[in-house]
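Undergrad: Take a look at the following structure, please.
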Amino acid sequence: MNINATLIGQSITFAVFVWFCMRYVWPPIVKALETRRKTIADGLAAAERGRHEQELAARRAAETLHDAKVKAADIIAQAEKRAAQIIDEAKAAAKAEGERLLAAARAEIEQEARRAREQLRAQVAALVVAGAQRVLRREVDAKAHAELLESIAKEL
Amino acid sequence: MAGEAHTAADYIKHHLQNLTFGRLPDGSWGLANSPEQAKAMGFWAIHLDTLGVSIVLGVLFLWLFRRAAASATAGVPGGWQNFVEWVVEFIDTSVRGSFSGGRNDLIAPLALTIFIWIFLLNLMDLVPIDWIPGLMAALGLPYFKLVPTTDPNATFGMSIAVFLLVLYYSFKIKGPGGFLAELSLHPFGKWGMPANLFLETINLIAKPVSLALRLFGNLYAGEMIFILIALLFGAGIGWGLMAGFLQLGWAIFHILIITLQAFIFMTLTIVYLDMAHQEHH
């Protein structure tokens, strides 16, 4: 066993070899590993994003559904209210119309009765005058006794 | 320096000698101080450097990957976790591609361990070959071979373990009869049974042998070239400069070799185990 310049030569060569590996062998491996890591990271991030979006979409869908239900319930309630209102209105209108017709009929009857009374009175007055004329034979002046006749007619 | 050729041979021999622990010629147990002593120890000796480096690197692998596994999250991975995921994904893809024997929870972890461990063992090849033996010499150890995969003991150890798994699953899936039928009724039909048995047995034995020798051969040859290049450093400034470039080029080339050999060992392990799971048709 003898130590000589071989050791130095080998060591220098080894240093160059290590440099070569650092320069040309290591970087491609590191790059491949880095690419792999990045691919994995991107994949995981994409998956996470997808899951998040899906969650959001699901929540949005649930919200929309809930809104729609509430709205539908609102509309139904409104419609029912409106229907009740219409019925009430219709009832009121019918009642008012009935009363109006009743009042009109009553008024007409009253009018008829009054007219008939007037006619009757006029005829009675005429009859009274005629009867009186007959009784008194021209002694009664219609003009002079108009006041008297009138009061008689009124009493009828 | 007395005699250039002598020193060169010594240098090479020194670098190819494992740190061996065994029974010394005088009957005591200890470290072999020469290749001849190591050889004389016979089978019952241990290569401390091979075992030590393998265990240290194995523990390092387990610790590093366990750390990533313990802190693993489903979110965006950090630096180390990202790397481990990358490796595991790669192994898993390989296993899915090559293994069709149904569900077996052993295959992928086995493949991961083989790949990373062999890769780390091979990686020691890139450390300058004089550093660690020099350091160990300073610590008083006569030899130290840093790369366990240049020791056939290590590669055969792994390939035999794989081979035992192959045998285990062959018996388990096909049953003793089925396994025997596969060995003896193929490729010539039942009338060529002796020839079939001979061919298939060779085929079977060739698996662990080729698995171990391929890895060992590649790494041993690579180590040898490094040693020869290192010898050039001593031959003057011009040769030294050239040796520098050669070593650099060889080291850069070896980045490919060590990864490729680890991958081949892993893939063949998967394929052999897949074959062990195949029912014969």
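Chain labels follow the order of the structure tokens: the first chain is A, the next B, and so on; residue numbering restarts at 1 in every chain, and ligands are counted from 1 in their shown order.
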Could you pull the residues within 9 Å of B:Ile225, counting only C-alpha atoms, minus those fewer than 5 positions along the same chain, as a list in words?

TA: Tyr220, Ala230, Gln247 and Trp250 of chain B

Undergrad: What does the file look like for those residues with C-alpha atoms, as an mmCIF file, in the first residue's frame?

TA:
```cif
data_model
loop_
_atom_site.group_PDB
_atom_site.id
_atom_site.type_symbol
_atom_site.label_atom_id
_atom_site.label_comp_id
_atom_site.auth_asym_id
_atom_site.auth_seq_id
_atom_site.Cartn_x
_atom_site.Cartn_y
_atom_site.Cartn_z
ATOM 1 C CA TYR B 220 -16.216 -6.104 -11.565
ATOM 2 C CA ALA B 230 -5.871 4.839 -11.640
ATOM 3 C CA GLN B 247 -11.887 8.368 -15.271
ATOM 4 C CA TRP B 250 -15.941 6.180 -17.355
#
```

Undergrad: Using only C-alpha atoms for the distances, tell me which of A:Ala113, A:Ala126, A:Leu7, A:Ile86 is nearest to chain B.

TA: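 So, comparing all the options, the nearest one is A:Leu7.
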
Undergrad: How many Å separate atom CA of B:Phe198 from atom CA of B:Arg214?

TA: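 Between atom CA of B:Phe198 and atom CA of B:Arg214 the gap works out to 23.2 Å.
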
Undergrad: Please report as a ChimeraX atom specification which residues of chain A come no farther than 6 Å from chain B, using only C-alpha atoms.

TA: /A:6,10,13,17,41

Undergrad: With a distance cut-off of 12 Å and only C-alpha atoms, select the neighbouring residues of B:Phe216, excluding the residue or stretch itself and same-chain residues fewer than 4 positions from it, and output the selection as an MDAnalysis selection string.

TA: chainID B and resid 118 121:122 147:159 209:212 220:224 258 261:262 265

Undergrad: How would the residues just picked look written out with N, CA, C and O atoms as a compact mmCIF listing (two decimals), in the first residue's frame?

TA:
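Saved result, part.txt, follows:
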```
# COMPACT_ATOMS: atom_id res chain seq x y z
N ILE B 118 -29.34 -2.50 -4.67
CA ILE B 118 -28.29 -2.73 -5.67
C ILE B 118 -27.79 -1.41 -6.23
O ILE B 118 -26.60 -1.22 -6.45
N LEU B 121 -25.44 0.00 -3.68
CA LEU B 121 -24.19 -0.77 -3.67
C LEU B 121 -23.35 -0.42 -4.89
O LEU B 121 -22.14 -0.19 -4.80
N ASN B 122 -24.01 -0.36 -6.05
CA ASN B 122 -23.29 -0.01 -7.28
C ASN B 122 -22.75 1.41 -7.22
O ASN B 122 -21.70 1.72 -7.78
N VAL B 147 -17.04 -1.77 -3.08
CA VAL B 147 -18.25 -2.07 -3.85
C VAL B 147 -18.67 -3.52 -3.63
O VAL B 147 -18.04 -4.43 -4.16
N PRO B 148 -19.72 -3.77 -2.85
CA PRO B 148 -20.11 -5.17 -2.56
C PRO B 148 -20.51 -5.93 -3.80
O PRO B 148 -20.34 -7.15 -3.86
N THR B 149 -21.07 -5.24 -4.82
CA THR B 149 -21.53 -5.98 -6.00
C THR B 149 -20.36 -6.42 -6.89
O THR B 149 -20.58 -7.07 -7.89
N THR B 150 -19.12 -6.06 -6.55
CA THR B 150 -17.98 -6.64 -7.27
C THR B 150 -17.50 -7.89 -6.55
O THR B 150 -16.48 -8.44 -6.91
N ASP B 151 -18.24 -8.27 -5.52
CA ASP B 151 -17.93 -9.51 -4.80
C ASP B 151 -19.00 -10.53 -5.15
O ASP B 151 -20.18 -10.32 -4.86
N PRO B 152 -18.63 -11.63 -5.83
CA PRO B 152 -19.67 -12.60 -6.25
C PRO B 152 -20.46 -13.14 -5.06
O PRO B 152 -21.59 -13.55 -5.22
N ASN B 153 -19.88 -13.11 -3.87
CA ASN B 153 -20.63 -13.57 -2.70
C ASN B 153 -21.92 -12.77 -2.53
O ASN B 153 -22.98 -13.32 -2.21
N ALA B 154 -21.80 -11.45 -2.72
CA ALA B 154 -22.98 -10.60 -2.53
C ALA B 154 -24.01 -10.85 -3.62
O ALA B 154 -25.20 -11.03 -3.34
N THR B 155 -23.56 -10.90 -4.87
CA THR B 155 -24.52 -11.03 -5.96
C THR B 155 -25.15 -12.42 -5.93
O THR B 155 -26.36 -12.56 -6.14
N PHE B 156 -24.33 -13.46 -5.63
CA PHE B 156 -24.92 -14.80 -5.53
C PHE B 156 -25.86 -14.90 -4.35
O PHE B 156 -26.88 -15.57 -4.41
N GLY B 157 -25.51 -14.23 -3.27
CA GLY B 157 -26.41 -14.22 -2.13
C GLY B 157 -27.78 -13.74 -2.50
O GLY B 157 -28.81 -14.36 -2.19
N MET B 158 -27.83 -12.63 -3.24
CA MET B 158 -29.12 -12.09 -3.63
C MET B 158 -29.82 -12.98 -4.64
O MET B 158 -31.02 -13.25 -4.55
N SER B 159 -29.06 -13.47 -5.64
CA SER B 159 -29.71 -14.26 -6.68
C SER B 159 -30.20 -15.59 -6.14
O SER B 159 -31.23 -16.10 -6.57
N VAL B 209 -27.67 -18.17 -11.61
CA VAL B 209 -26.28 -18.00 -12.01
C VAL B 209 -26.13 -16.79 -12.91
O VAL B 209 -25.28 -15.92 -12.70
N SER B 210 -27.02 -16.69 -13.91
CA SER B 210 -26.90 -15.56 -14.83
C SER B 210 -27.21 -14.25 -14.11
O SER B 210 -26.58 -13.22 -14.33
N LEU B 211 -28.20 -14.31 -13.21
CA LEU B 211 -28.58 -13.11 -12.46
C LEU B 211 -27.38 -12.57 -11.68
O LEU B 211 -27.06 -11.38 -11.71
N ALA B 212 -26.69 -13.48 -10.98
CA ALA B 212 -25.57 -13.06 -10.14
C ALA B 212 -24.37 -12.66 -10.99
O ALA B 212 -23.74 -11.63 -10.74
N TYR B 220 -17.62 -5.73 -11.72
CA TYR B 220 -16.22 -6.10 -11.57
C TYR B 220 -15.41 -5.51 -12.71
O TYR B 220 -14.34 -4.93 -12.49
N ALA B 221 -15.92 -5.63 -13.91
CA ALA B 221 -15.23 -5.07 -15.06
C ALA B 221 -15.10 -3.56 -14.93
O ALA B 221 -14.04 -2.97 -15.19
N GLY B 222 -16.18 -2.92 -14.47
CA GLY B 222 -16.13 -1.48 -14.30
C GLY B 222 -15.08 -1.08 -13.28
O GLY B 222 -14.30 -0.15 -13.51
N GLU B 223 -15.07 -1.83 -12.17
CA GLU B 223 -14.09 -1.55 -11.11
C GLU B 223 -12.67 -1.74 -11.65
O GLU B 223 -11.76 -0.94 -11.38
N MET B 224 -12.51 -2.80 -12.45
CA MET B 224 -11.19 -3.11 -13.03
C MET B 224 -10.71 -1.95 -13.89
O MET B 224 -9.54 -1.54 -13.82
N ILE B 258 -24.69 1.56 -13.52
CA ILE B 258 -25.14 1.12 -12.19
C ILE B 258 -26.66 1.14 -12.11
O ILE B 258 -27.27 0.24 -11.53
N GLN B 261 -27.95 -1.85 -14.34
CA GLN B 261 -27.75 -3.17 -13.74
C GLN B 261 -28.74 -3.41 -12.60
O GLN B 261 -29.29 -4.50 -12.47
N ALA B 262 -28.97 -2.36 -11.80
CA ALA B 262 -29.96 -2.50 -10.72
C ALA B 262 -31.33 -2.78 -11.32
O ALA B 262 -32.08 -3.64 -10.85
N PHE B 265 -31.50 -6.40 -12.77
CA PHE B 265 -31.64 -7.39 -11.69
C PHE B 265 -33.08 -7.39 -11.19
O PHE B 265 -33.70 -8.46 -11.03
```

Undergrad: To one decimal in Å, tell me the separation between atom CA of A:Glu80 and atom CA of A:Ala96.

TA: 24.2 Å

Undergrad: Which residue gives the smallest distance to B:Leu167 among B:Pro208, B:Met193, B:Ser98, B:Asp92, with only C-alpha atoms counted?

TA: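 Comparing B:Pro208, B:Met193, B:Ser98, B:Asp92 against B:Leu167, the winner is B:Pro208.
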
Undergrad: Could you tell me how far atom CA of B:Leu213 sits from atom CA of B:Val88, in Å to one decimal place?

TA: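 So the two atoms, atom CA of B:Val88 and atom CA of B:Leu213, lie 26.6 Å apart.
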
Undergrad: Can you tell me which residues surround B:Leu199 at a distance of at most 12 Å, considering only C-alpha atoms, apart from same-chain residues fewer than 2 positions away, and format the answer as a list in words?

TA: Glu182, Leu183, Ser184, Leu185, His186, Pro187, Phe188, Gly192, Met193, Pro194, Ala195, Asn196, Leu197, Thr201, Ile202, Asn203, Leu204, Ile205 and Ala206 of chain B

Undergrad: For the residues in that selection, give me C-alpha atoms as an mmCIF file, in the first residue's frame.

TA:
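Final output, result_10.cif:
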```cif
data_model
loop_
_atom_site.group_PDB
_atom_site.id
_atom_site.type_symbol
_atom_site.label_atom_id
_atom_site.label_comp_id
_atom_site.auth_asym_id
_atom_site.auth_seq_id
_atom_site.Cartn_x
_atom_site.Cartn_y
_atom_site.Cartn_z
ATOM 1 C CA GLU B 182 -43.169 -28.607 -16.123
ATOM 2 C CA LEU B 183 -39.573 -29.716 -15.729
ATOM 3 C CA SER B 184 -39.973 -33.091 -17.404
ATOM 4 C CA LEU B 185 -42.751 -32.837 -20.045
ATOM 5 C CA HIS B 186 -41.348 -29.891 -21.925
ATOM 6 C CA PRO B 187 -40.245 -29.288 -24.708
ATOM 7 C CA PHE B 188 -40.192 -32.808 -26.223
ATOM 8 C CA GLY B 192 -38.260 -37.289 -24.247
ATOM 9 C CA MET B 193 -38.451 -37.080 -20.483
ATOM 10 C CA PRO B 194 -34.713 -37.430 -19.636
ATOM 11 C CA ALA B 195 -33.752 -34.831 -22.214
ATOM 12 C CA ASN B 196 -36.523 -32.551 -21.003
ATOM 13 C CA LEU B 197 -35.448 -32.877 -17.400
ATOM 14 C CA THR B 201 -32.911 -28.151 -15.026
ATOM 15 C CA ILE B 202 -30.156 -26.261 -16.800
ATOM 16 C CA ASN B 203 -32.716 -23.610 -17.631
ATOM 17 C CA LEU B 204 -33.696 -23.389 -13.985
ATOM 18 C CA ILE B 205 -30.166 -23.306 -12.618
ATOM 19 C CA ALA B 206 -29.144 -20.747 -15.219
#
```

Undergrad: For stretch 51-62 of chain B, find every residue with an atom within 7 Å (counting only C-alpha atoms), except residues of its own chain fewer than 4 positions away, and show them as a list in words.

TA: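 Answer for this query is His47, Arg66, Trp117, Leu120, Leu121, Leu146 and Pro148 of chain B.
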
Undergrad: Give me, as a PyMOL selection string, the residues of stretch 52-93 of chain B that a backbone DSSP run labels helix (DSSP H, G or I).

TA: chain B and resi 52-70+79-93

Undergrad: Would you put the residues from that selection into a file with N, CA and C atoms, as a short mmCIF file (atom, residue, chain, number, x, y, z; two decimals), in the first residue's frame?

TA:
```cif
data_model
loop_
_atom_site.label_atom_id
_atom_site.label_comp_id
_atom_site.auth_asym_id
_atom_site.auth_seq_id
_atom_site.Cartn_x
_atom_site.Cartn_y
_atom_site.Cartn_z
N GLY B 52 -20.29 -5.36 5.63
CA GLY B 52 -20.46 -4.08 6.33
C GLY B 52 -21.08 -3.02 5.45
N VAL B 53 -20.53 -2.85 4.24
CA VAL B 53 -21.06 -1.83 3.34
C VAL B 53 -22.51 -2.16 2.98
N SER B 54 -22.78 -3.44 2.71
CA SER B 54 -24.15 -3.84 2.35
C SER B 54 -25.12 -3.50 3.48
N ILE B 55 -24.72 -3.83 4.69
CA ILE B 55 -25.63 -3.59 5.82
C ILE B 55 -25.83 -2.09 6.03
N VAL B 56 -24.74 -1.35 6.00
CA VAL B 56 -24.86 0.10 6.21
C VAL B 56 -25.77 0.72 5.16
N LEU B 57 -25.55 0.34 3.89
CA LEU B 57 -26.38 0.92 2.83
C LEU B 57 -27.82 0.41 2.90
N GLY B 58 -27.96 -0.85 3.30
CA GLY B 58 -29.32 -1.39 3.46
C GLY B 58 -30.08 -0.64 4.53
N VAL B 59 -29.41 -0.41 5.65
CA VAL B 59 -30.05 0.32 6.75
C VAL B 59 -30.35 1.75 6.32
N LEU B 60 -29.41 2.34 5.59
CA LEU B 60 -29.64 3.70 5.08
C LEU B 60 -30.89 3.75 4.21
N PHE B 61 -30.99 2.78 3.29
CA PHE B 61 -32.17 2.71 2.41
C PHE B 61 -33.44 2.58 3.24
N LEU B 62 -33.42 1.64 4.20
CA LEU B 62 -34.63 1.41 4.99
C LEU B 62 -35.00 2.66 5.79
N TRP B 63 -33.99 3.27 6.38
CA TRP B 63 -34.25 4.45 7.21
C TRP B 63 -34.83 5.59 6.36
N LEU B 64 -34.19 5.85 5.22
CA LEU B 64 -34.63 6.97 4.38
C LEU B 64 -36.06 6.75 3.88
N PHE B 65 -36.33 5.54 3.40
CA PHE B 65 -37.65 5.28 2.83
C PHE B 65 -38.71 5.16 3.92
N ARG B 66 -38.28 4.65 5.09
CA ARG B 66 -39.23 4.56 6.21
C ARG B 66 -39.63 5.97 6.64
N ARG B 67 -38.65 6.86 6.63
CA ARG B 67 -38.93 8.24 7.03
C ARG B 67 -39.97 8.86 6.09
N ALA B 68 -39.77 8.65 4.80
CA ALA B 68 -40.74 9.17 3.83
C ALA B 68 -42.11 8.53 4.02
N ALA B 69 -42.09 7.21 4.29
CA ALA B 69 -43.37 6.50 4.42
C ALA B 69 -44.11 6.95 5.68
N ALA B 70 -43.33 7.19 6.76
CA ALA B 70 -43.97 7.55 8.02
C ALA B 70 -44.62 8.93 7.94
N GLY B 79 -40.28 17.46 -0.84
CA GLY B 79 -39.15 17.05 -1.66
C GLY B 79 -38.83 15.57 -1.59
N TRP B 80 -38.52 15.08 -0.39
CA TRP B 80 -38.07 13.69 -0.28
C TRP B 80 -39.21 12.73 -0.54
N GLN B 81 -40.37 13.05 0.00
CA GLN B 81 -41.54 12.18 -0.23
C GLN B 81 -41.83 12.10 -1.72
N ASN B 82 -41.69 13.25 -2.38
CA ASN B 82 -41.93 13.30 -3.82
C ASN B 82 -41.00 12.34 -4.55
N PHE B 83 -39.72 12.36 -4.16
CA PHE B 83 -38.74 11.48 -4.80
C PHE B 83 -39.10 10.01 -4.56
N VAL B 84 -39.41 9.71 -3.30
CA VAL B 84 -39.73 8.32 -2.96
C VAL B 84 -40.97 7.86 -3.72
N GLU B 85 -41.97 8.74 -3.77
CA GLU B 85 -43.18 8.41 -4.53
C GLU B 85 -42.85 8.11 -5.98
N TRP B 86 -41.97 8.95 -6.51
CA TRP B 86 -41.55 8.80 -7.90
C TRP B 86 -40.95 7.42 -8.12
N VAL B 87 -40.02 7.04 -7.23
CA VAL B 87 -39.36 5.74 -7.34
C VAL B 87 -40.37 4.62 -7.18
N VAL B 88 -41.21 4.73 -6.15
CA VAL B 88 -42.17 3.66 -5.89
C VAL B 88 -43.13 3.52 -7.07
N GLU B 89 -43.53 4.64 -7.62
CA GLU B 89 -44.43 4.61 -8.77
C GLU B 89 -43.78 3.88 -9.94
N PHE B 90 -42.49 4.20 -10.14
CA PHE B 90 -41.73 3.57 -11.22
C PHE B 90 -41.66 2.06 -11.03
N ILE B 91 -41.35 1.64 -9.80
CA ILE B 91 -41.26 0.21 -9.49
C ILE B 91 -42.62 -0.44 -9.69
N ASP B 92 -43.64 0.24 -9.19
CA ASP B 92 -44.99 -0.32 -9.27
C ASP B 92 -45.40 -0.51 -10.73
N THR B 93 -45.07 0.46 -11.57
CA THR B 93 -45.38 0.34 -12.99
C THR B 93 -44.64 -0.85 -13.59
#
```
